[in-house]
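Containing compact mmCIF, C-alpha atoms and all ligand atoms: work-v8.txt.
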```txt
# COMPACT_ATOMS: atom_id res chain seq x y z
CA MET A 382 106.76 158.02 114.19
CA MET A 383 110.07 156.21 114.85
CA LYS A 384 113.00 158.51 115.52
CA ILE A 385 116.16 157.82 113.53
CA ILE A 386 119.49 158.00 115.34
CA ILE A 387 122.62 157.66 113.25
CA ALA A 388 126.09 156.89 114.59
CA ASN A 389 128.90 158.27 112.43
CA TRP A 390 132.10 156.71 113.73
CA LYS A 391 134.28 158.52 111.17
CA MET A 392 137.80 156.99 111.02
CA ASN A 393 137.43 155.37 114.47
CA PRO A 394 138.04 153.20 116.45
CA GLN A 395 141.53 151.94 115.61
CA THR A 396 140.98 148.19 116.09
CA LEU A 397 138.31 145.68 115.13
CA ARG A 398 138.22 144.54 118.74
CA GLU A 399 137.21 148.02 119.90
CA ALA A 400 134.70 148.33 117.05
CA ARG A 401 133.06 145.06 118.12
CA ASN A 402 132.89 146.19 121.75
CA ILE A 403 131.26 149.51 120.91
CA PHE A 404 128.86 147.79 118.51
CA GLN A 405 127.83 145.18 121.09
CA GLY A 406 127.32 147.89 123.70
CA ILE A 407 125.04 149.89 121.40
CA LYS A 408 123.18 146.75 120.27
CA LYS A 409 122.38 145.81 123.86
CA THR A 410 120.52 149.09 124.34
CA ALA A 411 118.98 149.23 120.83
CA LYS A 412 117.47 145.77 121.32
CA LYS A 413 115.24 147.02 124.14
CA LEU A 414 113.88 150.02 122.27
CA LYS A 415 110.83 149.90 120.02
CA LYS A 416 110.56 153.50 118.85
CA VAL A 417 114.04 154.18 117.49
CA GLU A 418 115.73 153.08 114.31
CA THR A 419 119.48 152.97 115.02
CA ILE A 420 121.88 153.17 112.10
CA ILE A 421 125.58 152.58 112.75
CA CYS A 422 128.02 153.86 110.12
CA PRO A 423 131.42 152.29 110.81
CA PRO A 424 134.51 152.57 108.61
CA PHE A 425 134.24 150.31 105.53
CA ALA A 426 136.92 147.95 106.93
CA TYR A 427 134.69 146.83 109.83
CA ILE A 428 131.36 146.46 108.04
CA SER A 429 131.48 142.74 107.32
CA ASN A 430 132.39 142.00 110.95
CA LEU A 431 129.48 143.82 112.53
CA LYS A 432 126.16 141.97 112.39
CA PRO A 433 123.07 143.86 113.57
CA GLN A 434 120.71 140.82 113.82
CA ILE A 435 117.88 142.86 115.32
CA PRO A 436 115.20 144.59 113.24
CA ASN A 437 115.69 148.18 114.43
CA LEU A 438 119.48 148.24 114.04
CA LYS A 439 120.99 148.81 110.58
CA ILE A 440 124.41 149.39 109.07
CA GLY A 441 125.19 152.42 106.95
CA SER A 442 128.33 153.48 105.08
CA GLN A 443 130.01 156.86 105.51
CA ASN A 444 130.51 157.30 101.78
CA VAL A 445 130.01 155.53 98.43
CA PHE A 446 131.65 155.86 95.02
CA TYR A 447 129.61 157.24 92.11
CA GLU A 448 130.61 154.67 89.49
CA GLU A 449 129.14 151.19 89.77
CA ARG A 450 132.20 149.12 88.85
CA GLY A 451 135.55 149.22 87.09
CA ALA A 452 139.06 150.61 87.29
CA PHE A 453 138.75 152.91 90.30
CA THR A 454 141.53 151.93 92.66
CA GLY A 455 140.68 152.36 96.32
CA GLU A 456 136.95 153.00 95.84
CA ILE A 457 133.98 150.98 97.15
CA SER A 458 130.85 150.41 95.06
CA VAL A 459 127.23 150.61 96.15
CA TRP A 460 126.72 147.00 95.04
CA MET A 461 129.56 145.76 97.26
CA LEU A 462 128.00 147.57 100.18
CA LYS A 463 124.55 146.15 99.44
CA ASP A 464 126.03 142.70 99.30
CA LEU A 465 127.46 143.18 102.80
CA GLY A 466 124.01 144.08 104.13
CA VAL A 467 124.45 147.86 104.15
CA ARG A 468 121.08 149.63 103.90
CA TYR A 469 122.00 153.31 104.29
CA ALA A 470 124.72 155.59 102.96
CA ILE A 471 125.84 158.94 104.32
CA ILE A 472 126.55 161.16 101.31
CA GLY A 473 127.90 164.71 101.28
CA HIS A 474 129.26 164.83 104.82
CA SER A 475 131.08 168.11 105.43
CA GLU A 476 134.33 166.26 106.19
CA ARG A 477 134.22 164.75 102.69
CA ARG A 478 133.30 168.10 101.15
CA ALA A 479 136.36 169.54 102.93
CA LEU A 480 138.46 166.90 101.13
CA GLY A 481 137.25 168.20 97.78
CA GLU A 482 133.89 166.51 97.20
CA THR A 483 131.73 168.81 95.05
CA ASN A 484 127.95 169.12 94.73
CA GLU A 485 128.31 167.47 91.32
CA MET A 486 130.08 164.43 92.77
CA ILE A 487 127.53 164.26 95.57
CA ASN A 488 124.73 164.33 93.00
CA LYS A 489 126.27 161.37 91.14
CA LYS A 490 126.77 159.47 94.38
CA ILE A 491 123.15 160.02 95.46
CA LYS A 492 121.90 158.79 92.04
CA THR A 493 124.05 155.67 92.16
CA ALA A 494 123.13 154.83 95.75
CA LEU A 495 119.40 155.27 95.18
CA LYS A 496 119.61 153.16 92.03
CA ALA A 497 121.08 150.34 94.13
CA GLY A 498 118.23 150.69 96.65
CA LEU A 499 120.32 152.21 99.42
CA LYS A 500 118.65 154.84 101.55
CA VAL A 501 120.61 158.06 101.33
CA ILE A 502 121.46 160.22 104.33
CA PHE A 503 122.17 163.43 102.45
CA CYS A 504 124.16 165.90 104.59
CA VAL A 505 123.84 169.63 104.06
CA GLY A 506 125.07 172.50 106.20
CA GLU A 507 126.50 176.00 106.00
CA ASN A 508 130.07 176.78 107.05
CA GLU A 509 129.02 179.90 108.88
CA ARG A 510 125.96 181.94 109.80
CA ASP A 511 125.30 185.49 108.65
CA PHE A 512 122.82 188.02 109.96
CA GLU A 513 121.01 188.38 106.64
CA ASP A 514 120.03 184.71 106.49
CA LYS A 515 122.05 184.16 103.31
CA TYR A 516 122.96 180.73 104.62
CA PHE A 517 119.45 179.59 103.68
CA ASN A 518 120.41 180.15 100.03
CA PHE A 519 123.58 178.16 100.57
CA ILE A 520 121.54 175.19 101.82
CA LYS A 521 119.05 175.61 98.96
CA ASN A 522 121.91 175.42 96.48
CA GLU A 523 123.39 172.30 98.11
CA ILE A 524 120.01 170.58 97.89
CA ASP A 525 119.19 171.78 94.34
CA GLU A 526 122.56 170.61 93.04
CA GLY A 527 122.62 167.40 95.07
CA LEU A 528 119.22 166.22 93.86
CA LYS A 529 119.43 167.51 90.28
CA GLY A 530 117.98 165.18 87.64
CA ILE A 531 117.08 162.34 90.00
CA PRO A 532 113.80 160.63 88.99
CA ARG A 533 111.07 161.16 91.56
CA LYS A 534 110.38 157.44 91.89
CA PHE A 535 113.63 157.12 93.85
CA PHE A 536 112.39 159.29 96.64
CA SER A 537 109.67 157.03 97.90
CA PRO A 538 110.25 153.67 99.56
CA PRO A 539 110.54 150.75 98.90
CA THR A 540 112.83 151.52 95.90
CA GLY A 541 115.04 153.83 97.87
CA GLY A 542 114.45 156.79 100.06
CA LEU A 543 115.98 159.98 101.20
CA ILE A 544 116.84 161.33 104.62
CA ILE A 545 118.21 164.85 104.98
CA ALA A 546 120.71 165.56 107.75
CA TYR A 547 121.04 169.26 108.47
CA GLU A 548 124.51 169.65 109.96
CA PRO A 549 125.77 173.21 110.31
CA VAL A 550 129.51 172.76 109.83
CA TRP A 551 130.36 175.18 112.67
CA ALA A 552 128.33 173.02 115.07
CA ILE A 553 130.20 169.76 114.40
CA SER A 554 132.29 168.94 117.45
CA SER A 555 135.57 168.82 115.54
CA ALA A 556 135.14 172.48 114.42
CA LYS A 557 137.03 175.19 116.32
CA ASN A 558 134.82 176.58 119.12
CA ALA A 559 131.98 174.28 118.08
CA GLN A 560 128.58 174.94 119.65
CA PRO A 561 125.40 173.00 118.96
CA ASP A 562 122.71 174.87 117.06
CA THR A 563 119.52 175.62 118.99
CA PRO A 564 116.50 173.37 118.43
CA GLU A 565 114.51 176.43 117.28
CA SER A 566 116.98 177.47 114.63
CA ALA A 567 117.54 173.89 113.39
CA PHE A 568 113.78 173.43 113.12
CA ARG A 569 113.46 176.70 111.20
CA MET A 570 115.92 175.26 108.68
CA ALA A 571 114.02 171.95 108.59
CA VAL A 572 110.80 173.79 107.68
CA PHE A 573 112.64 175.67 104.93
CA ILE A 574 114.18 172.44 103.58
CA ARG A 575 110.84 170.62 103.55
CA ARG A 576 109.20 173.49 101.68
CA MET A 577 111.97 173.72 99.10
CA LEU A 578 111.89 169.95 98.52
CA MET A 579 108.25 170.01 97.39
CA PRO A 580 108.85 170.98 93.74
CA ILE A 581 111.92 168.74 93.55
CA ILE A 582 110.72 165.44 94.98
CA GLY A 583 106.92 165.97 95.05
CA SER A 584 104.72 167.20 97.91
CA GLU A 585 103.91 163.83 99.46
CA PRO A 586 107.55 162.63 99.78
CA ALA A 587 108.59 166.14 100.88
CA ARG A 588 106.02 166.04 103.67
CA LYS A 589 107.20 162.62 104.79
CA ILE A 590 110.97 162.47 104.51
CA PRO A 591 112.85 162.50 107.79
CA ILE A 592 114.91 165.63 108.45
CA LEU A 593 117.59 165.11 111.09
CA TYR A 594 119.86 167.44 113.01
CA GLY A 595 123.59 166.85 113.50
CA GLY A 596 126.30 168.84 115.29
CA SER A 597 127.52 168.31 118.88
CA VAL A 598 124.53 166.19 119.84
CA GLY A 599 124.78 164.46 123.22
CA PRO A 600 122.48 163.10 125.93
CA GLU A 601 122.22 166.62 127.40
CA ASN A 602 120.70 168.29 124.34
CA VAL A 603 119.20 165.61 122.08
CA ALA A 604 115.65 165.86 123.48
CA GLY A 605 115.33 169.48 122.32
CA PHE A 606 116.23 168.61 118.72
CA LEU A 607 113.92 165.60 118.66
CA GLN A 608 110.82 167.59 119.66
CA ASP A 609 110.21 168.76 116.11
CA MET A 610 112.76 166.88 114.02
CA GLN A 611 112.79 163.22 113.09
CA GLY A 612 116.18 162.22 114.40
CA ALA A 613 119.83 163.03 114.93
CA LEU A 614 123.21 162.28 113.38
CA VAL A 615 125.76 161.77 116.11
CA GLY A 616 129.54 161.84 115.64
CA SER A 617 131.88 161.83 118.63
CA LYS A 618 129.29 160.68 121.21
CA SER A 619 128.47 157.64 119.06
CA LEU A 620 131.80 156.03 119.98
CA ASN A 621 130.82 155.90 123.62
CA PRO A 622 128.15 153.20 124.11
CA LYS A 623 127.02 154.76 127.40
CA ASP A 624 126.43 158.25 125.95
CA PHE A 625 125.03 156.89 122.71
CA GLY A 626 122.80 154.45 124.63
CA GLU A 627 121.45 157.41 126.63
CA ILE A 628 120.70 159.25 123.38
CA LEU A 629 118.82 156.20 122.08
CA LYS A 630 116.77 155.90 125.28
CA ILE A 631 115.86 159.58 125.21
CA ALA A 632 114.83 159.27 121.55
CA ASN A 633 112.71 156.24 122.40
CA GLY A 634 110.85 158.23 125.06
CA ILE A 635 109.89 161.20 122.84
CA LYS A 636 106.13 161.38 122.23
C1 LIG B 701 129.14 164.58 112.36
O1 LIG B 701 130.31 164.54 112.08
O2 LIG B 701 128.29 164.23 111.53
C2 LIG B 701 128.74 165.03 113.69
C3 LIG B 701 127.51 165.39 113.90
O3 LIG B 701 129.74 165.06 114.64
P1 LIG B 701 129.60 165.50 116.18
O4 LIG B 701 128.38 164.81 116.75
O5 LIG B 701 130.87 165.00 116.80
O6 LIG B 701 129.47 166.97 116.20
```

Written as structure tokens, that's how I'd like the structure from this file.
Amino acid sequence: MMKIIIANWKMNPQTLREARNIFQGIKKTAKKLKKVETIICPPFAYISNLKPQIPNLKIGSQNVFYEERGAFTGEISVWMLKDLGVRYAIIGHSERRALGETNEMINKKIKTALKAGLKVIFCVGENERDFEDKYFNFIKNEIDEGLKGIPRKFFSPPTGGLIIAYEPVWAISSAKNAQPDTPESAFRMAVFIRRMLMPIIGSEPARKIPILYGGSVGPENVAGFLQDMQGALVGSKSLNPKDFGEILKIANGIK
């Protein structure tokens, strides 16, 4: 199965020129690889200037708005993104939740994006770990609320599709004293997520949807996470074409 590697550039880089350079650098590596789907999520402002032009490289957005059109100053609709060739949308990233995005808003965003035929990269992750494993319930709640009331037909391609990115917030490189999770503990969560998805999206889609890990992923640790998980969401290292290229090559070599 193809591994999925997502680049989340966040609010970087600061010029279109730099964005083009990073994009070209990543594209050069992605072009040579057959077993990785690379998804680059740049800031909205750069999307129309970055053209993937190779089959295994796609553009994603870092956010969408939950209404389809109208008087919503400053927002970007799913249809505008589709029109620019965007195929994926990150929804529910912890940095957006920290700005006030609720599970209810995330649920509306997921519905709207799937309706437009975008594939959703739904981010979930606990703020901290506890010794009684209560954080599993926290993740269950994020998923229950995020997927509430979404018709099952949206969970199987070609109409749409869902990818889950498990990103423990404490493991994201911008967190204080961030440390990556271990592959074993991330995989334990992936098994839990897959099992809890069965009654929500149906057993077949739940068996098949990709579950990715994100949080301080780099060339030095990506192989461990990709042994049992279907891909990785990469933040800071995705702005460095050399590091990100290494990650892509490692992903391409996983059996
Ligand atoms: C992220 O923000 O989604 C992320 C995984 O960031 P980093 O790789 O920098 O920890």

So which residues are near ligand LIG 701 (chain B), meaning at most 7 Å away with only C-alpha atoms and all ligand atoms counted, given back as a PDB file with C-alpha atoms, in the frame of the given file?
```pdb
ATOM      1  CA  ASN A 389     128.900 158.270 112.430  1.00  0.00           C
ATOM      2  CA  HIS A 474     129.260 164.830 104.820  1.00  0.00           C
ATOM      3  CA  GLU A 548     124.510 169.650 109.960  1.00  0.00           C
ATOM      4  CA  ALA A 552     128.330 173.020 115.070  1.00  0.00           C
ATOM      5  CA  ILE A 553     130.200 169.760 114.400  1.00  0.00           C
ATOM      6  CA  SER A 554     132.290 168.940 117.450  1.00  0.00           C
ATOM      7  CA  SER A 555     135.570 168.820 115.540  1.00  0.00           C
ATOM      8  CA  GLY A 595     123.590 166.850 113.500  1.00  0.00           C
ATOM      9  CA  GLY A 596     126.300 168.840 115.290  1.00  0.00           C
ATOM     10  CA  SER A 597     127.520 168.310 118.880  1.00  0.00           C
ATOM     11  CA  VAL A 598     124.530 166.190 119.840  1.00  0.00           C
ATOM     12  CA  LEU A 614     123.210 162.280 113.380  1.00  0.00           C
ATOM     13  CA  VAL A 615     125.760 161.770 116.110  1.00  0.00           C
ATOM     14  CA  GLY A 616     129.540 161.840 115.640  1.00  0.00           C
ATOM     15  CA  SER A 617     131.880 161.830 118.630  1.00  0.00           C
ATOM     16  CA  LYS A 618     129.290 160.680 121.210  1.00  0.00           C
TER      17      LYS A 618
END
```

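Near (116.1, 141.6, 120.3), the residues inside the 10 Å limit, counting all atoms listed in the file, come to Lys408, Lys409, Thr410, Ala411, Lys412, Lys413, Leu414, Lys415, Pro433, Gln434, Ile435, Pro436, Asn437 and Leu438 of chain A.
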
Within 7 Å of region 444-455 of chain A, counting all atoms listed in the file, which residues show up once you throw out same-chain ones fewer than 5 positions away? Write them as a compact mmCIF listing (two decimals) with C-alpha atoms, keeping the file's coordinate frame, please.
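Output (result11.txt):
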```txt
# COMPACT_ATOMS: atom_id res chain seq x y z
CA ALA A 470 124.72 155.59 102.96
CA ILE A 471 125.84 158.94 104.32
CA ILE A 472 126.55 161.16 101.31
CA LYS A 489 126.27 161.37 91.14
CA LYS A 490 126.77 159.47 94.38
CA THR A 493 124.05 155.67 92.16
```

Open item on the list: Excluding Glu399 (chain A) and its own-chain neighbours fewer than 4 positions away, which residues fall within 12 Å of it when counting all atoms listed in the file? Please give them as a list in words.
Closed with: Trp390, Asn393, Pro394, Gln395, Ile403, Phe404, Gln405, Gly406, Pro423, Tyr427, Asn430, Leu431, Leu620, Asn621 and Pro622 of chain A

TODO: Select, counting all atoms listed in the file, all protein, DNA and RNA residues no farther than 6 Å from (126.3, 153.4, 117.8) in file coordinates, and express the selection as a PyMOL selection string.
DONE: chain A and resi 388+407+421+619

Report the centre and edge lengths, in Å to one decimal, of an axis-aligned box enclosing every atom of region 398-415 of chain A listed in the file, padded by 4 Å on each side, as JSON.
```
{"center_x": 124.5, "center_y": 147.3, "center_z": 120.7, "size_x": 35.4, "size_y": 13.5, "size_z": 15.3}
```

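Considering all atoms listed in the file, the residue among A:Asn508, A:Ser566, A:Asn488, A:Ser584 positioned nearest to Val550 (chain A) is A:Asn508.
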
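Separating CA of Gln611 (chain A) from CA of Thr563 (chain A) is a distance of 15.3 Å.
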
Task: Shortest interatomic distance to Ser475 (chain A) - which of A:Ile574, A:Ala497, A:Ala556, A:Leu528, counting all atoms listed in the file - done: A:Ala556

- [ ] Identify which of the residues A:Ala604, A:Val417, A:Ile440, A:Leu465 lies closest to Ile385 (chain A), counting only C-alpha atoms when measuring atom-to-atom distances.
- [x] A:Val417

TODO: Tell me, in Å to one decimal, how far CA of Ile428 (chain A) is from CA of Ala400 (chain A).
DONE: 9.8 Å
